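One file, entry.txt, is given below (compact mmCIF, C-alpha atoms).
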# COMPACT_ATOMS: atom_id res chain seq x y z
CA MET Q 13 2.56 45.62 -4.23
CA THR Q 14 2.43 41.81 -4.42
CA LYS Q 15 3.75 39.62 -1.66
CA LYS Q 16 6.95 37.84 -2.65
CA LYS Q 17 6.28 34.12 -2.84
CA GLN Q 18 9.62 32.93 -1.52
CA LEU Q 19 10.74 31.54 1.77
CA SER Q 20 13.69 32.68 3.84
CA ALA Q 21 16.66 30.35 4.20
CA GLU Q 22 15.54 29.55 7.76
CA GLN Q 23 11.99 28.71 6.63
CA MET Q 24 13.38 26.43 3.93
CA ILE Q 25 15.53 24.53 6.43
CA VAL Q 26 12.53 23.95 8.72
CA LEU Q 27 10.30 22.93 5.81
CA PHE Q 28 12.87 20.47 4.44
CA GLU Q 29 13.20 18.88 7.89
CA ILE Q 30 9.42 18.42 8.07
CA PHE Q 31 9.26 17.00 4.54
CA LYS Q 32 12.17 14.63 5.05
CA LYS Q 33 10.62 13.19 8.24
CA ARG Q 34 7.24 12.82 6.54
CA PHE Q 35 8.84 11.32 3.44
CA GLU Q 36 10.77 8.72 5.45
CA ALA Q 37 7.78 7.87 7.66
CA ASN Q 38 5.50 7.27 4.66
CA MET Q 39 7.56 5.42 2.06
CA HIS Q 40 4.43 3.53 0.94
CA ARG Q 41 3.27 6.79 -0.69
CA HIS Q 42 6.31 7.15 -2.93
CA HIS Q 43 7.97 3.82 -3.74
CA GLY Q 44 11.26 4.09 -5.59
CA LEU Q 45 11.87 7.78 -4.89
CA ASN Q 46 14.97 9.06 -3.17
CA TRP Q 47 14.82 11.98 -0.72
CA VAL Q 48 18.13 13.50 -1.88
CA ASP Q 49 16.84 13.73 -5.46
CA ILE Q 50 13.55 15.22 -4.29
CA GLU Q 51 15.27 17.80 -2.11
CA ASP Q 52 17.58 18.85 -4.97
CA GLN Q 53 14.61 19.37 -7.29
CA LEU Q 54 12.60 21.28 -4.71
CA LYS Q 55 15.46 23.69 -4.07
CA GLN Q 56 15.15 24.71 -7.73
CA LYS Q 57 11.47 25.64 -7.32
CA PRO Q 58 11.04 28.40 -4.70
CA GLU Q 59 7.43 29.10 -5.76
CA LYS Q 60 6.49 25.47 -5.15
CA LEU Q 61 8.15 25.58 -1.73
CA TRP Q 62 6.16 28.70 -0.88
CA SER Q 63 2.90 26.92 -1.79
CA LEU Q 64 3.87 23.82 0.17
CA ASN Q 65 4.64 26.02 3.16
CA GLN Q 66 1.19 27.60 2.83
CA MET Q 67 -0.31 24.12 2.91
CA GLU Q 68 1.61 23.42 6.13
CA GLU Q 69 0.52 26.70 7.68
CA THR Q 70 -3.16 25.91 7.07
CA GLY Q 71 -2.79 22.57 8.85
CA GLY Q 72 -2.02 20.40 5.85
CA GLU Q 73 0.56 17.66 5.49
CA PRO Q 74 1.88 17.83 1.93
CA ASP Q 75 3.73 14.72 0.85
CA ILE Q 76 5.00 13.28 -2.41
CA VAL Q 77 2.58 10.88 -3.99
CA SER Q 78 4.09 10.57 -7.44
CA PHE Q 79 6.78 11.72 -9.81
CA ASP Q 80 6.07 12.54 -13.44
CA SER Q 81 9.15 11.22 -15.23
CA LYS Q 82 8.22 12.97 -18.51
CA SER Q 83 8.16 16.46 -17.00
CA SER Q 84 10.40 15.66 -13.99
CA GLU Q 85 7.67 17.14 -11.83
CA ILE Q 86 7.21 16.09 -8.22
CA ILE Q 87 3.53 15.67 -7.41
CA PHE Q 88 2.49 16.58 -3.87
CA TYR Q 89 -0.93 15.88 -2.38
CA ASP Q 90 -2.17 17.00 0.99
CA CYS Q 91 -1.95 13.83 3.05
CA ALA Q 92 -3.57 15.17 6.21
CA VAL Q 93 -5.90 12.44 7.47
CA GLU Q 94 -8.76 14.96 7.61
CA THR Q 95 -9.31 18.25 5.81
CA PRO Q 96 -7.06 20.79 7.56
CA LYS Q 97 -8.89 23.17 9.92
CA GLY Q 98 -7.49 26.13 8.00
CA ARG Q 99 -9.29 24.91 4.87
CA ARG Q 100 -12.68 23.76 6.22
CA SER Q 101 -16.14 25.28 6.03
CA LEU Q 102 -15.76 26.63 2.52
CA CYS Q 103 -18.10 26.81 -0.44
CA TYR Q 104 -16.83 25.29 -3.66
CA ASP Q 105 -16.37 28.51 -5.66
CA ARG Q 106 -17.29 32.21 -5.75
CA ALA Q 107 -20.69 31.53 -7.38
CA ALA Q 108 -21.63 29.09 -4.61
CA LEU Q 109 -20.45 31.53 -1.95
CA ASP Q 110 -22.38 34.44 -3.49
CA ALA Q 111 -25.52 32.28 -3.73
CA ARG Q 112 -25.50 31.46 0.00
CA LYS Q 113 -28.16 33.43 1.85
CA GLU Q 114 -27.47 32.29 5.41
CA HIS Q 115 -24.49 30.94 7.33
CA LYS Q 116 -22.03 32.02 4.65
CA PRO Q 117 -18.52 30.64 4.99
CA GLU Q 118 -15.70 33.15 4.88
CA ASN Q 119 -14.32 31.91 1.58
CA ASN Q 120 -14.41 29.28 -1.13
CA ALA Q 121 -12.16 26.33 -1.94
CA VAL Q 122 -11.25 27.39 -5.48
CA GLU Q 123 -10.01 30.83 -4.42
CA VAL Q 124 -8.20 29.53 -1.33
CA ALA Q 125 -6.36 27.03 -3.54
CA GLU Q 126 -5.45 29.77 -6.05
CA THR Q 127 -4.22 32.04 -3.28
CA ILE Q 128 -1.80 29.46 -1.93
CA GLY Q 129 -0.77 28.27 -5.39
CA ILE Q 130 -2.27 24.78 -5.39
CA GLU Q 131 -5.02 23.01 -7.31
CA LEU Q 132 -7.99 21.01 -6.15
CA LEU Q 133 -7.57 17.32 -6.88
CA THR Q 134 -9.53 15.83 -9.74
CA GLU Q 135 -11.81 12.90 -8.98
CA GLU Q 136 -9.20 10.57 -10.50
CA GLN Q 137 -6.41 12.03 -8.35
CA TYR Q 138 -8.58 11.78 -5.24
CA LYS Q 139 -9.27 8.11 -5.97
CA GLN Q 140 -5.52 7.57 -6.46
CA LEU Q 141 -4.84 9.18 -3.09
CA GLN Q 142 -7.52 7.04 -1.42
CA SER Q 143 -5.92 3.91 -2.90
CA VAL Q 144 -2.67 4.74 -1.09
CA GLU Q 145 -4.29 5.47 2.28
CA HIS Q 146 -7.73 6.28 3.68
CA PHE Q 147 -8.36 9.98 4.11
CA ASP Q 148 -11.42 12.09 4.95
CA LEU Q 149 -13.07 9.59 7.26
CA LYS Q 150 -14.72 12.41 9.27
CA THR Q 151 -14.43 15.36 6.91
CA SER Q 152 -14.74 15.76 3.18
CA SER Q 153 -12.55 17.51 0.64
CA TRP Q 154 -13.59 19.52 -2.37
CA VAL Q 155 -12.71 17.91 -5.69
CA LYS Q 156 -12.25 19.81 -8.93
CA THR Q 157 -15.61 19.68 -10.66
CA PRO Q 158 -16.12 20.39 -14.37
CA GLU Q 159 -18.14 23.57 -15.02
CA ASP Q 160 -20.91 21.78 -16.91
CA LEU Q 161 -21.44 19.47 -13.95
CA ARG Q 162 -21.45 22.42 -11.53
CA LYS Q 163 -24.35 23.99 -13.44

Just give me the structure as structure tokens.
Amino acid sequence: MTKKKQLSAEQMIVLFEIFKKRFEANMHRHHGLNWVDIEDQLKQKPEKLWSLNQMEETGGEPDIVSFDSKSSEIIFYDCAVETPKGRRSLCYDRAALDARKEHKPENNAVEVAETIGIELLTEEQYKQLQSVEHFDLKTSSWVKTPEDLRK
């Protein structure tokens, strides 16, 4: 039996309050966007809300960084100043985890992201995020790496 990836009405209310406060406190991340429009769109995407809630639960701070006008998709990035504690000390992927002989982490970044329904940022996206604000001054985040480069 698979776990239903939807939030209760109460969880949604709490999450929207968190997002609205974060949105209003960080307008430099999303110039020209309106919270009411964002909230309306998010209410139509319960799976996305579930993933965003998972990011919150692991210590992240998801916030809107852009809006794709072609697809009408809201783009969230984790805007925690440092990598959230619930997503630290990971290998990049399963192969890297399996190859570790000593001091193995419990998991890997690729599978953790898949489990909570998010994607690792590409190098370009990470640079975009860093141009908005400075993140990872004490920690470092995994970035999606092409397979040929991983080899």

Neighbours of Thr127 in chain Q within 12 Å (all atoms listed in the file; same-chain residues fewer than 6 positions away dropped), as a PDB file with C-alpha atoms, in the coordinates of the input?
ATOM      1  CA  THR Q  14       2.430  41.810  -4.420  1.00  0.00           C
ATOM      2  CA  LYS Q  15       3.750  39.620  -1.660  1.00  0.00           C
ATOM      3  CA  LYS Q  17       6.280  34.120  -2.840  1.00  0.00           C
ATOM      4  CA  TRP Q  62       6.160  28.700  -0.880  1.00  0.00           C
ATOM      5  CA  SER Q  63       2.900  26.920  -1.790  1.00  0.00           C
ATOM      6  CA  GLN Q  66       1.190  27.600   2.830  1.00  0.00           C
ATOM      7  CA  MET Q  67      -0.310  24.120   2.910  1.00  0.00           C
ATOM      8  CA  ARG Q  99      -9.290  24.910   4.870  1.00  0.00           C
ATOM      9  CA  ASN Q 119     -14.320  31.910   1.580  1.00  0.00           C
ATOM     10  CA  ASN Q 120     -14.410  29.280  -1.130  1.00  0.00           C
ATOM     11  CA  ALA Q 121     -12.160  26.330  -1.940  1.00  0.00           C
TER      12      ALA Q 121
END

- Report the distance between CA of Pro117 in chain Q and CA of Pro74 in chain Q in Å, rounded to one decimal place. 24.3 Å

- Message: Between CA of Glu135 in chain Q and CA of Ala107 in chain Q, what distance in Å does the model show, to one decimal?
- Response: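 Separation between CA of Glu135 in chain Q and CA of Ala107 in chain Q: 20.7 Å.
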
- Item | Long-range neighbours of Asn38 in chain Q as an MDAnalysis selection string, 12 Å cut-off, only C-alpha atoms, 6 positions minimum in chain | chainID Q and resid 31:32 45 47 73:77 91 144:145

So that I can check the surroundings of range 128-131 of chain Q, please list as a PDB file with C-alpha atoms, in the coordinates of the input every protein, DNA and RNA residue that reaches within 12 Å of it, counting all atoms listed in the file and ignoring chain neighbours fewer than 4 positions away.
ATOM      1  CA  LYS Q  15       3.750  39.620  -1.660  1.00  0.00           C
ATOM      2  CA  LYS Q  17       6.280  34.120  -2.840  1.00  0.00           C
ATOM      3  CA  GLN Q  18       9.620  32.930  -1.520  1.00  0.00           C
ATOM      4  CA  PRO Q  58      11.040  28.400  -4.700  1.00  0.00           C
ATOM      5  CA  GLU Q  59       7.430  29.100  -5.760  1.00  0.00           C
ATOM      6  CA  LYS Q  60       6.490  25.470  -5.150  1.00  0.00           C
ATOM      7  CA  LEU Q  61       8.150  25.580  -1.730  1.00  0.00           C
ATOM      8  CA  TRP Q  62       6.160  28.700  -0.880  1.00  0.00           C
ATOM      9  CA  SER Q  63       2.900  26.920  -1.790  1.00  0.00           C
ATOM     10  CA  LEU Q  64       3.870  23.820   0.170  1.00  0.00           C
ATOM     11  CA  ASN Q  65       4.640  26.020   3.160  1.00  0.00           C
ATOM     12  CA  GLN Q  66       1.190  27.600   2.830  1.00  0.00           C
ATOM     13  CA  MET Q  67      -0.310  24.120   2.910  1.00  0.00           C
ATOM     14  CA  GLU Q  68       1.610  23.420   6.130  1.00  0.00           C
ATOM     15  CA  GLU Q  69       0.520  26.700   7.680  1.00  0.00           C
ATOM     16  CA  THR Q  70      -3.160  25.910   7.070  1.00  0.00           C
ATOM     17  CA  GLY Q  72      -2.020  20.400   5.850  1.00  0.00           C
ATOM     18  CA  PRO Q  74       1.880  17.830   1.930  1.00  0.00           C
ATOM     19  CA  ILE Q  87       3.530  15.670  -7.410  1.00  0.00           C
ATOM     20  CA  PHE Q  88       2.490  16.580  -3.870  1.00  0.00           C
ATOM     21  CA  TYR Q  89      -0.930  15.880  -2.380  1.00  0.00           C
ATOM     22  CA  ASP Q  90      -2.170  17.000   0.990  1.00  0.00           C
ATOM     23  CA  GLY Q  98      -7.490  26.130   8.000  1.00  0.00           C
ATOM     24  CA  ARG Q  99      -9.290  24.910   4.870  1.00  0.00           C
ATOM     25  CA  ALA Q 121     -12.160  26.330  -1.940  1.00  0.00           C
ATOM     26  CA  VAL Q 122     -11.250  27.390  -5.480  1.00  0.00           C
ATOM     27  CA  GLU Q 123     -10.010  30.830  -4.420  1.00  0.00           C
ATOM     28  CA  VAL Q 124      -8.200  29.530  -1.330  1.00  0.00           C
ATOM     29  CA  GLN Q 137      -6.410  12.030  -8.350  1.00  0.00           C
ATOM     30  CA  TYR Q 138      -8.580  11.780  -5.240  1.00  0.00           C
ATOM     31  CA  TRP Q 154     -13.590  19.520  -2.370  1.00  0.00           C
ATOM     32  CA  VAL Q 155     -12.710  17.910  -5.690  1.00  0.00           C
ATOM     33  CA  LYS Q 156     -12.250  19.810  -8.930  1.00  0.00           C
ATOM     34  CA  THR Q 157     -15.610  19.680 -10.660  1.00  0.00           C
TER      35      THR Q 157
END

- Query: Quick one, how far is CA of Ile50 in chain Q from CA of Phe79 in chain Q?
  - Reply: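 We find that CA of Ile50 in chain Q and CA of Phe79 in chain Q lie 9.4 Å from each other.
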
N, CA, C and O atoms modelled onto range 18-38 of chain Q, as a PDB file, in the coordinates of the input:
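Generated output (rebuild.pdb):
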ATOM      1  N   GLN Q  18       8.395  33.672  -1.794  1.00  0.00           N
ATOM      2  CA  GLN Q  18       9.620  32.930  -1.520  1.00  0.00           C
ATOM      3  C   GLN Q  18       9.809  32.825  -0.031  1.00  0.00           C
ATOM      4  O   GLN Q  18       9.379  33.682   0.732  1.00  0.00           O
ATOM      5  N   LEU Q  19      10.463  31.773   0.367  1.00  0.00           N
ATOM      6  CA  LEU Q  19      10.740  31.540   1.770  1.00  0.00           C
ATOM      7  C   LEU Q  19      12.145  32.009   2.118  1.00  0.00           C
ATOM      8  O   LEU Q  19      13.033  32.009   1.261  1.00  0.00           O
ATOM      9  N   SER Q  20      12.350  32.350   3.374  1.00  0.00           N
ATOM     10  CA  SER Q  20      13.690  32.680   3.840  1.00  0.00           C
ATOM     11  C   SER Q  20      14.491  31.383   3.934  1.00  0.00           C
ATOM     12  O   SER Q  20      13.935  30.280   3.929  1.00  0.00           O
ATOM     13  N   ALA Q  21      15.803  31.523   4.063  1.00  0.00           N
ATOM     14  CA  ALA Q  21      16.660  30.350   4.200  1.00  0.00           C
ATOM     15  C   ALA Q  21      16.270  29.535   5.439  1.00  0.00           C
ATOM     16  O   ALA Q  21      16.243  28.304   5.399  1.00  0.00           O
ATOM     17  N   GLU Q  22      15.927  30.233   6.530  1.00  0.00           N
ATOM     18  CA  GLU Q  22      15.540  29.550   7.760  1.00  0.00           C
ATOM     19  C   GLU Q  22      14.234  28.774   7.566  1.00  0.00           C
ATOM     20  O   GLU Q  22      14.098  27.639   8.032  1.00  0.00           O
ATOM     21  N   GLN Q  23      13.267  29.390   6.884  1.00  0.00           N
ATOM     22  CA  GLN Q  23      11.990  28.710   6.630  1.00  0.00           C
ATOM     23  C   GLN Q  23      12.206  27.464   5.767  1.00  0.00           C
ATOM     24  O   GLN Q  23      11.576  26.439   5.996  1.00  0.00           O
ATOM     25  N   MET Q  24      13.096  27.569   4.801  1.00  0.00           N
ATOM     26  CA  MET Q  24      13.380  26.430   3.930  1.00  0.00           C
ATOM     27  C   MET Q  24      13.974  25.271   4.727  1.00  0.00           C
ATOM     28  O   MET Q  24      13.591  24.111   4.530  1.00  0.00           O
ATOM     29  N   ILE Q  25      14.901  25.573   5.622  1.00  0.00           N
ATOM     30  CA  ILE Q  25      15.530  24.530   6.430  1.00  0.00           C
ATOM     31  C   ILE Q  25      14.480  23.796   7.254  1.00  0.00           C
ATOM     32  O   ILE Q  25      14.438  22.561   7.272  1.00  0.00           O
ATOM     33  N   VAL Q  26      13.594  24.551   7.901  1.00  0.00           N
ATOM     34  CA  VAL Q  26      12.530  23.950   8.720  1.00  0.00           C
ATOM     35  C   VAL Q  26      11.605  23.109   7.845  1.00  0.00           C
ATOM     36  O   VAL Q  26      11.256  21.977   8.199  1.00  0.00           O
ATOM     37  N   LEU Q  27      11.213  23.637   6.703  1.00  0.00           N
ATOM     38  CA  LEU Q  27      10.300  22.930   5.810  1.00  0.00           C
ATOM     39  C   LEU Q  27      10.928  21.631   5.294  1.00  0.00           C
ATOM     40  O   LEU Q  27      10.271  20.586   5.278  1.00  0.00           O
ATOM     41  N   PHE Q  28      12.198  21.678   4.910  1.00  0.00           N
ATOM     42  CA  PHE Q  28      12.870  20.470   4.440  1.00  0.00           C
ATOM     43  C   PHE Q  28      12.980  19.409   5.535  1.00  0.00           C
ATOM     44  O   PHE Q  28      12.869  18.216   5.260  1.00  0.00           O
ATOM     45  N   GLU Q  29      13.171  19.840   6.775  1.00  0.00           N
ATOM     46  CA  GLU Q  29      13.200  18.880   7.890  1.00  0.00           C
ATOM     47  C   GLU Q  29      11.847  18.196   8.042  1.00  0.00           C
ATOM     48  O   GLU Q  29      11.769  16.975   8.222  1.00  0.00           O
ATOM     49  N   ILE Q  30      10.777  18.970   7.963  1.00  0.00           N
ATOM     50  CA  ILE Q  30       9.420  18.420   8.070  1.00  0.00           C
ATOM     51  C   ILE Q  30       9.179  17.429   6.929  1.00  0.00           C
ATOM     52  O   ILE Q  30       8.704  16.319   7.140  1.00  0.00           O
ATOM     53  N   PHE Q  31       9.503  17.854   5.704  1.00  0.00           N
ATOM     54  CA  PHE Q  31       9.260  17.000   4.540  1.00  0.00           C
ATOM     55  C   PHE Q  31      10.070  15.719   4.584  1.00  0.00           C
ATOM     56  O   PHE Q  31       9.576  14.655   4.237  1.00  0.00           O
ATOM     57  N   LYS Q  32      11.332  15.824   5.000  1.00  0.00           N
ATOM     58  CA  LYS Q  32      12.170  14.630   5.050  1.00  0.00           C
ATOM     59  C   LYS Q  32      11.600  13.615   6.052  1.00  0.00           C
ATOM     60  O   LYS Q  32      11.512  12.425   5.745  1.00  0.00           O
ATOM     61  N   LYS Q  33      11.205  14.091   7.238  1.00  0.00           N
ATOM     62  CA  LYS Q  33      10.620  13.190   8.240  1.00  0.00           C
ATOM     63  C   LYS Q  33       9.343  12.543   7.703  1.00  0.00           C
ATOM     64  O   LYS Q  33       9.132  11.341   7.858  1.00  0.00           O
ATOM     65  N   ARG Q  34       8.492  13.349   7.076  1.00  0.00           N
ATOM     66  CA  ARG Q  34       7.240  12.820   6.540  1.00  0.00           C
ATOM     67  C   ARG Q  34       7.500  11.838   5.409  1.00  0.00           C
ATOM     68  O   ARG Q  34       6.866  10.797   5.304  1.00  0.00           O
ATOM     69  N   PHE Q  35       8.470  12.178   4.557  1.00  0.00           N
ATOM     70  CA  PHE Q  35       8.840  11.320   3.440  1.00  0.00           C
ATOM     71  C   PHE Q  35       9.305   9.959   3.950  1.00  0.00           C
ATOM     72  O   PHE Q  35       8.844   8.914   3.503  1.00  0.00           O
ATOM     73  N   GLU Q  36      10.205   9.959   4.912  1.00  0.00           N
ATOM     74  CA  GLU Q  36      10.770   8.720   5.450  1.00  0.00           C
ATOM     75  C   GLU Q  36       9.740   7.903   6.233  1.00  0.00           C
ATOM     76  O   GLU Q  36       9.804   6.679   6.245  1.00  0.00           O
ATOM     77  N   ALA Q  37       8.790   8.573   6.862  1.00  0.00           N
ATOM     78  CA  ALA Q  37       7.780   7.870   7.660  1.00  0.00           C
ATOM     79  C   ALA Q  37       6.663   7.279   6.794  1.00  0.00           C
ATOM     80  O   ALA Q  37       5.887   6.458   7.273  1.00  0.00           O
ATOM     81  N   ASN Q  38       6.605   7.688   5.531  1.00  0.00           N
ATOM     82  CA  ASN Q  38       5.500   7.270   4.660  1.00  0.00           C
ATOM     83  C   ASN Q  38       5.995   6.782   3.307  1.00  0.00           C
ATOM     84  O   ASN Q  38       5.469   7.174   2.260  1.00  0.00           O
TER      85      ASN Q  38
END
